[in-house]
Amino acid sequence: MAEDLKAQLAKVIVGQNDFIELLLVSLLTNGHVLIEGVPGIAKTLTAKLFAKSINADFSRIQFTPDLMPSDVLGTSVFNAEKAEFEFKAGPIFSNMVLIDEINRAPAKTQSALFEVMEEKQVTIDGHQYDMEAPFMVLATQNPIEQEGTYALPEAQLDRFIFKIKLSYPNLEEEVKIIDKHHQNKAQNFLQQIETVISKENVSQFKADIHKVNIEPKIMSYIAEIVHNTRQHPHLLLGASPRASVAIMLTAKAFAILNGRDFVTPDDVKRSLKPVLNHRIVLSPEREMEGMTTEDVVDMIVKSIEIPR
């Protein structure tokens, strides 16, 4: 499944194989993804193509400082003919929801996402509206531009299973990107992508993840890594138990995508950085020195014996 998906997106997207695989793992584990990168590196395009290849409904919301919660969730509108209020669903009611520049909206609008991201439902005027499966939020933010932005609260960050940091392509990849745009001759990129995964496929893979075996020593390995983040001298804030569960689930998904029904330590290692990136906070001193959260994760992994 992963290879079919990568082959489709490779028609348009150059490189980004790890990014695409992480999007798929997030989908299979009922997770949401925060994508961080500078403008112009195909964050939005990749998300749109990903949704197209999965035969899922797609909606896009551009977050701005004046966006209100009702612009995201929907609102009740009075129907004069029926003399009653009717709920008009907002753009959050979709399978794949791309939120561009999520950090541009104020706290009131951010809070509107808490319930729907965690519980896959929206409660408005006392009525509960469930989201259709699969449901996944892909949010983007620019790490450089801070003017007119609002830092996401820790409680909201914790609802993203991954934070994926994207960088510029290398020289060879950039040449390929230019060539693809030259060969494309103004055709719509979306038209080149075929659906390779159905909603039923996604449901089946989600069920298979729960059948993957994970040995107690690997569960202890995950717990020890997360526990170490809470007492590491370079960190101001460690990861919560939600991070431990996320690492276990995503490690199982990596096992499935590699054709195995058991988790290996390498599956755990592949999950660590995207799961912990946004859940641990560097101390101010280490941040000023240029250290990153990835550096600390590497330190922790090296200090713990790998289970055999």
# chains A, B, ... in the order shown; residues from 1 in each chain; ligands from 1

$ select_by_dssp --residues "region 163-302 of chain A" --states "strand (DSSP E or B)" --output "list in words"
Lys163, Ile164, Lys165, Asn213, Leu235, Leu236, Leu237, Phe262, Val281 and Leu282 of chain A

$ write_last_selection --atoms "N, CA and C atoms" --output "CSV table (one decimal), in the first residue's frame"
chain,number,residue,atom,x,y,z
A,163,LYS,N,4.9,15.8,14.5
A,163,LYS,CA,5.3,17.1,13.9
A,163,LYS,C,6.4,16.8,12.9
A,164,ILE,N,6.1,17.1,11.7
A,164,ILE,CA,7.1,16.8,10.6
A,164,ILE,C,7.8,18.0,10.2
A,165,LYS,N,9.1,18.1,10.3
A,165,LYS,CA,9.8,19.2,9.9
A,165,LYS,C,10.4,19.0,8.5
A,213,ASN,N,2.1,-7.8,17.1
A,213,ASN,CA,2.6,-8.2,18.4
A,213,ASN,C,3.7,-7.3,18.8
A,235,LEU,N,16.0,19.6,29.0
A,235,LEU,CA,14.6,19.8,28.7
A,235,LEU,C,13.9,20.5,29.8
A,236,LEU,N,13.0,21.4,29.4
A,236,LEU,CA,12.2,22.1,30.3
A,236,LEU,C,10.9,21.3,30.5
A,237,LEU,N,10.4,20.6,29.5
A,237,LEU,CA,9.2,19.9,29.6
A,237,LEU,C,9.4,18.5,28.9
A,262,PHE,N,5.1,-8.0,13.9
A,262,PHE,CA,5.7,-7.8,15.2
A,262,PHE,C,6.5,-6.5,15.1
A,281,VAL,N,10.2,20.3,25.3
A,281,VAL,CA,10.6,21.7,25.2
A,281,VAL,C,12.0,21.8,25.7
A,282,LEU,N,12.8,22.4,24.9
A,282,LEU,CA,14.2,22.6,25.3
A,282,LEU,C,14.3,23.7,26.4

$ residues_around --residues "Leu98 (chain A)" --least-positions-apart "6" --cutoff "10 Å" --atoms "only C-alpha atoms" --output "list in words"
Val33, Lys43, Thr44, Ala47, Lys48, Ala51, Phe58, Ser59, Arg60, Ile61, Gln62, Pro91, Ile92, Met136, Val137, Leu138, Ala139 and Thr140 of chain A

$ select_by_dssp --residues "region 92-245 of chain A" --states "helix (DSSP H, G or I)" --output "ChimeraX atom specification"
/A:102-104,107-119,154-157,171-184,189-192,199-209,216-229,241-245

$ closest_atom_pairs --of "region 10-103 of chain A" --to "region 240-249 of chain A" --cutoff "10 Å" --atoms "only C-alpha atoms" --output "Markdown table"
| residue | atom | partner | partner_atom | distance |
| --- | --- | --- | --- | --- |
| A:Val25 | CA | A:Leu249 | CA | 9.1 |
| A:Ser26 | CA | A:Leu249 | CA | 9.4 |
| A:Leu28 | CA | A:Leu249 | CA | 9.2 |
| A:Thr29 | CA | A:Leu249 | CA | 6.4 |
| A:Asn30 | CA | A:Leu249 | CA | 9.7 |
| A:Gly31 | CA | A:Ala246 | CA | 8.7 |

$ residues_around --residues "Gln183 (chain A)" --least-positions-apart "6" --cutoff "12 Å" --atoms "only C-alpha atoms" --output "PyMOL selection string"
chain A and resi 11-12+176-177+189

$ write_last_selection --atoms "N, CA and C atoms" --output "PDB file, in the first residue's frame"
ATOM      1  N   LYS A  11       4.706  11.001  -9.127  1.00  0.00           N
ATOM      2  CA  LYS A  11       4.402  11.596 -10.426  1.00  0.00           C
ATOM      3  C   LYS A  11       4.527  13.120 -10.373  1.00  0.00           C
ATOM      4  N   VAL A  12       4.322  13.652  -9.174  1.00  0.00           N
ATOM      5  CA  VAL A  12       4.331  15.109  -9.002  1.00  0.00           C
ATOM      6  C   VAL A  12       5.402  15.552  -8.006  1.00  0.00           C
ATOM      7  N   LYS A 176      15.163  18.243 -10.617  1.00  0.00           N
ATOM      8  CA  LYS A 176      14.022  17.407 -11.012  1.00  0.00           C
ATOM      9  C   LYS A 176      12.707  18.173 -10.882  1.00  0.00           C
ATOM     10  N   ILE A 177      12.608  18.992  -9.833  1.00  0.00           N
ATOM     11  CA  ILE A 177      11.387  19.794  -9.637  1.00  0.00           C
ATOM     12  C   ILE A 177      11.189  20.763 -10.804  1.00  0.00           C
ATOM     13  N   PHE A 189      -1.831  19.280 -11.714  1.00  0.00           N
ATOM     14  CA  PHE A 189      -1.134  18.176 -11.063  1.00  0.00           C
ATOM     15  C   PHE A 189      -2.112  17.149 -10.478  1.00  0.00           C
TER      16      PHE A 189
END
